[in-house]
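Asks: Structure supplied as my_file34.cif; contents: mmCIF, C-alpha atoms and all ligand atoms.
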```
data_work
#
loop_
_atom_site.label_atom_id
_atom_site.label_comp_id
_atom_site.auth_asym_id
_atom_site.auth_seq_id
_atom_site.Cartn_x
_atom_site.Cartn_y
_atom_site.Cartn_z
CA MET L 1 50.25 -25.09 -111.79
CA ARG L 2 51.68 -21.71 -112.60
CA ILE L 3 55.38 -21.25 -113.34
CA THR L 4 57.01 -17.81 -113.25
CA PHE L 5 60.54 -17.22 -114.48
CA LEU L 6 62.02 -14.93 -111.83
CA GLY L 7 65.39 -14.81 -113.56
CA THR L 8 66.83 -16.42 -116.69
CA GLY L 9 70.40 -15.08 -116.70
CA THR L 10 73.78 -16.59 -115.99
CA SER L 11 75.87 -15.76 -112.92
CA GLN L 12 76.73 -12.15 -113.93
CA GLY L 13 73.22 -11.41 -115.23
CA VAL L 14 72.44 -9.77 -118.58
CA PRO L 15 73.79 -7.20 -119.05
CA PRO L 16 76.88 -7.78 -116.96
CA ILE L 17 78.16 -4.46 -115.57
CA GLY L 18 79.75 -2.25 -118.21
CA CYS L 19 79.02 -4.37 -121.31
CA ASN L 20 78.53 -2.72 -124.72
CA SER L 21 77.54 -5.84 -126.68
CA GLU L 22 74.51 -5.76 -128.99
CA VAL L 23 72.47 -7.91 -126.60
CA CYS L 24 73.42 -5.78 -123.60
CA GLN L 25 72.46 -2.57 -125.44
CA SER L 26 69.14 -4.04 -126.63
CA THR L 27 66.02 -2.18 -125.56
CA ASN L 28 63.92 -5.37 -125.65
CA PRO L 29 63.01 -6.24 -122.04
CA LYS L 30 63.42 -9.92 -122.96
CA ASP L 31 67.16 -9.28 -123.32
CA LYS L 32 67.44 -8.25 -119.64
CA ARG L 33 68.05 -11.26 -117.43
CA LEU L 34 68.37 -11.45 -113.65
CA ARG L 35 70.07 -14.44 -112.05
CA ALA L 36 68.34 -17.82 -112.52
CA SER L 37 65.39 -18.63 -110.28
CA ILE L 38 61.83 -19.87 -110.71
CA HIS L 39 58.53 -19.73 -108.82
CA VAL L 40 56.21 -22.72 -108.83
CA GLU L 41 52.64 -22.22 -107.67
CA TRP L 42 51.10 -25.66 -107.25
CA ASP L 43 47.58 -26.08 -105.88
CA GLY L 44 47.95 -22.94 -103.79
CA LEU L 45 51.45 -23.78 -102.52
CA SER L 46 54.29 -21.37 -103.29
CA PHE L 47 57.73 -22.83 -104.01
CA VAL L 48 60.83 -20.85 -104.97
CA VAL L 49 63.88 -22.55 -106.46
CA ASP L 50 67.10 -20.76 -105.38
CA THR L 51 67.63 -17.32 -103.85
CA GLY L 52 70.29 -15.62 -105.95
CA PRO L 53 71.63 -12.07 -105.60
CA ASP L 54 68.49 -10.65 -107.28
CA PHE L 55 66.07 -12.44 -104.92
CA ARG L 56 64.69 -9.30 -103.25
CA TYR L 57 63.86 -7.52 -106.49
CA GLN L 58 62.51 -10.70 -108.08
CA MET L 59 60.03 -11.21 -105.21
CA ILE L 60 58.88 -7.58 -105.44
CA ARG L 61 58.62 -7.70 -109.25
CA ALA L 62 56.56 -10.91 -109.21
CA ASP L 63 54.61 -9.73 -106.13
CA ILE L 64 55.19 -12.98 -104.23
CA ARG L 65 53.95 -12.43 -100.68
CA HIS L 66 54.09 -15.96 -99.31
CA ILE L 67 56.65 -18.78 -99.57
CA ASP L 68 55.91 -22.32 -98.43
CA ALA L 69 59.43 -23.57 -99.19
CA VAL L 70 62.69 -22.63 -100.85
CA ILE L 71 64.40 -25.48 -102.69
CA TYR L 72 68.08 -25.21 -103.63
CA THR L 73 69.76 -26.62 -106.71
CA HIS L 74 73.32 -26.04 -105.42
CA GLU L 75 75.54 -23.76 -103.39
CA HIS L 76 76.97 -21.40 -106.03
CA ARG L 77 76.52 -17.77 -105.08
CA ASP L 78 74.40 -16.89 -108.09
CA HIS L 79 71.83 -19.27 -106.55
CA THR L 80 72.24 -18.47 -102.85
CA ALA L 81 73.42 -14.87 -102.35
CA GLY L 82 69.94 -13.47 -101.64
CA LEU L 83 69.16 -15.63 -98.62
CA ASP L 84 69.22 -12.69 -96.20
CA ASP L 85 66.19 -11.22 -97.96
CA ILE L 86 64.04 -14.09 -96.75
CA ARG L 87 63.52 -11.91 -93.62
CA PRO L 88 60.37 -10.11 -94.87
CA TYR L 89 58.69 -13.54 -95.12
CA ASN L 90 59.59 -14.20 -91.48
CA TYR L 91 57.61 -11.07 -90.60
CA LEU L 92 54.78 -11.62 -93.12
CA GLN L 93 54.25 -15.27 -92.17
CA ASN L 94 55.45 -15.10 -88.56
CA MET L 95 57.44 -18.29 -88.94
CA LYS L 96 60.76 -19.80 -89.95
CA ILE L 97 60.84 -20.43 -93.70
CA PRO L 98 61.44 -24.08 -94.68
CA MET L 99 64.48 -24.65 -96.90
CA TYR L 100 65.38 -27.86 -98.73
CA CYS L 101 68.87 -28.77 -99.91
CA GLU L 102 71.33 -31.61 -99.85
CA GLN L 103 73.87 -32.02 -97.03
CA ARG L 104 76.81 -30.61 -99.02
CA VAL L 105 74.80 -27.47 -99.79
CA LEU L 106 73.82 -27.11 -96.13
CA ASP L 107 77.50 -27.40 -95.14
CA SER L 108 78.24 -24.57 -97.57
CA PHE L 109 75.42 -22.43 -96.09
CA LYS L 110 77.01 -22.93 -92.66
CA MET L 111 80.15 -21.26 -94.00
CA GLN L 112 78.47 -18.64 -96.21
CA TYR L 113 75.94 -17.66 -93.51
CA ASP L 114 77.65 -18.67 -90.25
CA TYR L 115 75.67 -16.07 -88.25
CA ILE L 116 72.38 -17.85 -89.00
CA PHE L 117 73.60 -20.97 -87.26
CA GLU L 118 75.01 -19.46 -84.05
CA GLU L 119 73.70 -20.77 -80.76
CA TYR L 120 72.80 -17.25 -79.59
CA PRO L 121 72.18 -15.46 -82.89
CA TYR L 122 72.14 -11.69 -83.32
CA PRO L 123 68.55 -10.33 -83.46
CA GLY L 124 67.04 -9.80 -86.92
CA ILE L 125 68.82 -12.60 -88.76
CA PRO L 126 66.97 -14.74 -91.34
CA LEU L 127 64.91 -17.43 -89.64
CA VAL L 128 65.04 -20.61 -91.68
CA ASN L 129 64.52 -24.31 -91.14
CA PHE L 130 66.82 -26.49 -93.22
CA ASN L 131 65.61 -29.89 -94.39
CA VAL L 132 68.24 -32.19 -95.90
CA ILE L 133 67.22 -33.98 -99.09
CA GLU L 134 68.90 -36.80 -100.97
CA ASN L 135 68.49 -38.06 -104.50
CA GLY L 136 65.02 -39.46 -103.94
CA PRO L 137 61.47 -38.06 -103.89
CA PHE L 138 60.54 -35.81 -100.96
CA VAL L 139 57.17 -34.42 -99.90
CA ILE L 140 56.28 -30.83 -98.96
CA SER L 141 52.70 -30.23 -97.78
CA GLY L 142 51.49 -33.31 -99.63
CA LYS L 143 53.27 -32.51 -102.91
CA THR L 144 55.94 -34.94 -104.12
CA ILE L 145 59.05 -33.38 -105.63
CA ILE L 146 61.59 -35.54 -107.45
CA PRO L 147 65.25 -34.45 -107.55
CA ILE L 148 67.07 -34.97 -110.85
CA GLN L 149 70.80 -35.25 -110.23
CA VAL L 150 72.75 -33.53 -113.00
CA MET L 151 76.45 -32.80 -113.41
CA HIS L 152 77.73 -29.19 -113.31
CA TYR L 153 81.32 -29.94 -114.42
CA GLN L 154 82.40 -32.18 -111.48
CA LEU L 155 79.73 -30.98 -109.06
CA PRO L 156 76.51 -33.00 -108.79
CA VAL L 157 73.62 -30.54 -108.51
CA PHE L 158 69.86 -30.99 -108.40
CA GLY L 159 67.12 -30.21 -110.87
CA PHE L 160 63.57 -30.83 -109.69
CA ARG L 161 60.41 -32.39 -111.09
CA PHE L 162 57.08 -31.04 -109.86
CA GLY L 163 54.37 -33.21 -111.41
CA ASP L 164 54.36 -32.53 -115.17
CA PHE L 165 56.98 -29.80 -114.87
CA ALA L 166 60.76 -30.08 -114.47
CA TYR L 167 63.39 -27.39 -113.83
CA ILE L 168 67.05 -28.07 -114.57
CA THR L 169 69.74 -25.43 -114.40
CA ASP L 170 73.55 -25.43 -114.20
CA ALA L 171 74.06 -28.76 -115.97
CA ASN L 172 76.46 -29.93 -118.65
CA PHE L 173 75.67 -33.65 -118.38
CA ILE L 174 72.69 -35.78 -117.31
CA SER L 175 72.96 -39.56 -117.03
CA GLU L 176 70.41 -41.80 -118.77
CA ALA L 177 69.16 -42.97 -115.35
CA GLU L 178 68.34 -39.37 -114.36
CA ILE L 179 66.89 -38.54 -117.80
CA ALA L 180 64.50 -41.47 -117.26
CA LYS L 181 62.96 -39.56 -114.33
CA LEU L 182 61.82 -36.90 -116.82
CA GLU L 183 59.64 -39.26 -118.83
CA GLY L 184 56.25 -37.70 -119.55
CA VAL L 185 57.05 -34.13 -118.44
CA LYS L 186 54.93 -31.64 -120.37
CA VAL L 187 57.05 -28.57 -119.71
CA LEU L 188 60.80 -28.71 -119.25
CA VAL L 189 63.24 -25.95 -118.33
CA LEU L 190 66.85 -26.61 -119.23
CA ASN L 191 69.98 -24.46 -119.04
CA ALA L 192 71.65 -23.20 -122.24
CA LEU L 193 74.50 -20.78 -121.62
CA ARG L 194 75.69 -19.70 -125.09
CA ARG L 195 76.78 -21.15 -128.46
CA GLU L 196 80.45 -21.77 -127.62
CA PRO L 197 81.42 -24.76 -125.46
CA HIS L 198 81.66 -24.24 -121.70
CA ILE L 199 83.11 -26.46 -119.01
CA SER L 200 80.04 -26.59 -116.76
CA HIS L 201 76.98 -25.58 -118.83
CA PHE L 202 75.15 -26.92 -121.87
CA THR L 203 75.58 -24.97 -125.10
CA LEU L 204 72.53 -24.00 -127.15
CA ASP L 205 73.04 -26.99 -129.50
CA GLU L 206 73.55 -29.43 -126.63
CA ALA L 207 70.42 -28.15 -124.91
CA VAL L 208 68.37 -28.48 -128.13
CA ALA L 209 69.56 -32.07 -128.63
CA LEU L 210 68.72 -33.00 -125.04
CA ALA L 211 65.35 -31.25 -125.20
CA GLN L 212 64.51 -33.28 -128.31
CA GLN L 213 65.61 -36.50 -126.61
CA ILE L 214 63.46 -35.82 -123.54
CA GLY L 215 60.56 -34.78 -125.76
CA ALA L 216 58.53 -32.45 -123.54
CA LYS L 217 55.79 -30.63 -125.44
CA ASN L 218 57.43 -27.34 -124.51
CA THR L 219 61.01 -26.70 -123.46
CA TYR L 220 62.32 -23.33 -122.27
CA PHE L 221 65.99 -22.45 -121.87
CA THR L 222 67.38 -20.52 -118.91
CA HIS L 223 70.68 -19.42 -117.26
CA MET L 224 71.69 -17.60 -120.44
CA SER L 225 74.71 -15.41 -121.11
CA HIS L 226 74.56 -12.28 -123.28
CA GLN L 227 76.65 -14.35 -125.70
CA ILE L 228 73.58 -16.41 -126.63
CA GLY L 229 72.32 -13.60 -128.89
CA LEU L 230 69.18 -11.49 -129.10
CA HIS L 231 66.15 -13.21 -127.57
CA ASP L 232 63.78 -12.77 -130.52
CA GLU L 233 66.33 -13.79 -133.14
CA VAL L 234 67.47 -16.92 -131.31
CA CYS L 235 63.85 -18.01 -130.74
CA LYS L 236 63.21 -17.79 -134.51
CA GLU L 237 65.95 -20.32 -135.25
CA LEU L 238 64.93 -22.85 -132.56
CA PRO L 239 62.82 -25.94 -133.40
CA GLU L 240 59.08 -25.85 -132.66
CA GLY L 241 58.28 -26.26 -128.98
CA ILE L 242 61.70 -24.99 -127.88
CA ASP L 243 62.14 -21.36 -126.82
CA LEU L 244 64.37 -19.14 -124.75
CA ALA L 245 62.61 -18.17 -121.52
CA TYR L 246 62.52 -14.53 -120.46
CA ASP L 247 62.25 -12.82 -117.11
CA GLY L 248 58.69 -12.49 -115.90
CA GLN L 249 57.34 -15.11 -118.29
CA THR L 250 54.54 -17.21 -116.83
CA ILE L 251 53.37 -20.63 -117.96
CA LEU L 252 50.20 -22.43 -116.95
CA ILE L 253 50.35 -26.21 -116.87
ZN ZN W 301 74.40 -20.70 -111.87
ZN ZN W 302 76.52 -23.11 -110.63
#
```
Before anything else, please render the file you have as structure tokens.
Ligand SMILES: [Zn+2]
Ligand SMILES: [Zn+2]
Replies:
Amino acid sequence: MRITFLGTGTSQGVPPIGCNSEVCQSTNPKDKRLRASIHVEWDGLSFVVDTGPDFRYQMIRADIRHIDAVIYTHEHRDHTAGLDDIRPYNYLQNMKIPMYCEQRVLDSFKMQYDYIFEEYPYPGIPLVNFNVIENGPFVISGKTIIPIQVMHYQLPVFGFRFGDFAYITDANFISEAEIAKLEGVKVLVLNALRREPHISHFTLDEAVALAQQIGAKNTYFTHMSHQIGLHDEVCKELPEGIDLAYDGQTILI
């Protein structure tokens, strides 16, 4: 399995427009973060989690030419705003692209992208096939994916387990019953926004504590704000086996 971090930034990206902070002025490419998304290549299958506003550039940058499925964590725009750019895959693959999300997220797509769902749609719209998932394992092309339901303030959103790998973003609480689904994961991705408390995201300290509880061999943090600090300096202070992810990073499992 090969994991590629397509984006590791929070909703405004790093840098946000017009910011003069030390992190935003850094020349280290690891301090530049597009909106959170990940690519999972699993036995030749190509899965993308979320299509945020940077989706088009992320697909070009990672040279991803085929998508077997897009899987959505939740309906916030920093995870959905790039859906229109699925169209090149319609042409490349000559098919509707399968999408997986829960019913509430699909209802939101019907409002955000009403033109996709019209009975007589305008030519050239994204061609997608929505599959509704619930909080139980689902299978795509023979691969079992396990949703992990996490709380994002008061909104339940999904993380996903793919074999020995799990991806969780936009969480500030995970119940013990959901944490139990992560037993034995070798590589874990978890969100860590910044050092100061936030209403809907784990802080760096909270993410470290949870990573240590789950006990994956390697944990990588994502969905970071510029307020988290410089990539290389924060990594130095983190416990062994825990690191900040960076855009373009690939991991083989
Ligand atoms: Zn987000
Ligand atoms: Zn969110």
Asks: One decimal, Å: what's the distance from atom CA of L:Lys30 over to atom CA of L:Leu182, could you say?
Replies: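 Separation of atom CA of L:Lys30 and atom CA of L:Leu182: 27.7 Å.
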Asks: Residues of chain L that have any atom at most 8 Å from an atom of ligand ZN 302 (chain W): could you tabulate them with the shortest-distance atom pair and the distance in Å to one decimal, using only C-alpha atoms and all ligand atoms, ordered by chain and increasing number, as a Markdown table?
Replies:
```
| residue | atom | partner | partner_atom | distance |
| --- | --- | --- | --- | --- |
| L:Ser11 | CA | W:ZN302 | ZN | 7.7 |
| L:His74 | CA | W:ZN302 | ZN | 6.8 |
| L:Glu75 | CA | W:ZN302 | ZN | 7.3 |
| L:His76 | CA | W:ZN302 | ZN | 4.9 |
| L:Arg77 | CA | W:ZN302 | ZN | 7.7 |
| L:Asp78 | CA | W:ZN302 | ZN | 7.0 |
| L:His79 | CA | W:ZN302 | ZN | 7.3 |
| L:His152 | CA | W:ZN302 | ZN | 6.8 |
| L:Asp170 | CA | W:ZN302 | ZN | 5.2 |
| L:Ser200 | CA | W:ZN302 | ZN | 7.9 |
```
Asks: May I have the residues within 9 Å of stretch 226-242 of chain L as number ranges by chain, using only C-alpha atoms and disregarding those fewer than 3 positions away in the same chain?
Replies: L: 9-10, 13-16, 21-24, 26, 28, 30-33, 192-196, 203-204, 208, 211-212, 216-221, 245-246
Asks: From the set L:Tyr100, L:Phe109, L:Tyr72, L:Phe117, which residue has the shortest atom-to-atom contact distance to ligand ZN 301 (chain W), counting all atoms listed in the file?
Replies: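 Nearest to ligand ZN 301 (chain W): L:Tyr72.
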Asks: Using only C-alpha atoms, find the one residue out of L:Glu206, L:Asp247, L:Asp54, L:Glu41 that sits nearest to L:Asp84.
Replies: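 Answer, going by the shortest atom-to-atom distance: L:Asp54.
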Asks: Counting all atoms listed in the file, I want the residues whose atoms come within 10 Å of (74.4, -35.4, -118.4) in the file frame, returned as a ChimeraX atom specification.
Replies: /L:149-153,171-179,202,210
Asks: Figure out the distance between atom CA of L:Tyr113 and atom CA of L:Gly136, please, to one decimal in Å.
Replies: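 Computing it gives 26.5 Å between the two atoms.
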Asks: In Å, with one decimal, what is the gap from atom CA of L:Cys101 to atom CA of L:Val48?
Replies: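 Answer for the atom CA of L:Cys101 to atom CA of L:Val48 separation: 12.4 Å.
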Asks: Which residues come within 12 Å of L:Lys143, counting all atoms listed in the file, excluding same-chain residues fewer than 4 positions away, as a PyMOL selection string?
Replies: chain L and resi 1+40-47+68-69+137-139+161-163
Asks: So that I can check the surroundings of L:Arg65, please list as a ChimeraX atom specification every protein, DNA and RNA residue that reaches within 10 Å of it, counting all atoms listed in the file and ignoring chain neighbours fewer than 6 positions away.
Replies: /L:46,59,88-89,92-93
Asks: Name all residues at most 9 Å from L:Gly248 (count all atoms listed in the file; drop same-chain ones fewer than 3 positions away) and give them as a VMD selection string.
Replies: chain L and resid 4 to 7 30 58 61 to 62 245
Asks: Between L:Arg2, L:Lys181, L:Arg35, L:His66, which one has atoms that come closest to ligand ZN 301 (chain W), using all atoms listed in the file?
Replies: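 Checking each of L:Arg2, L:Lys181, L:Arg35, L:His66 against ligand ZN 301 (chain W), counting all atoms listed in the file, the winner is L:Arg35.
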Asks: Quick one: of L:Met99, L:Met224, L:Leu188, L:Met111, who's nearest to ligand ZN 301 (chain W), counting all atoms listed in the file?
Replies: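 Checking each candidate against ligand ZN 301 (chain W), we get L:Met224 as the closest.
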Asks: From the list L:Val128, L:Tyr91, L:Leu155, L:Asn135, which residue is nearest ligand ZN 301 (chain W) when using only C-alpha atoms and all ligand atoms?
Replies: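 Of L:Val128, L:Tyr91, L:Leu155, L:Asn135, the one nearest ligand ZN 301 (chain W) is L:Leu155, counting only C-alpha atoms and all ligand atoms.
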Asks: Pick the closest to ligand ZN 301 (chain W) from L:Pro197, L:Gly159, L:Pro123, L:Gly52: which is it, counting all atoms listed in the file?
Replies: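 The answer is L:Gly52, which sits nearest to ligand ZN 301 (chain W).
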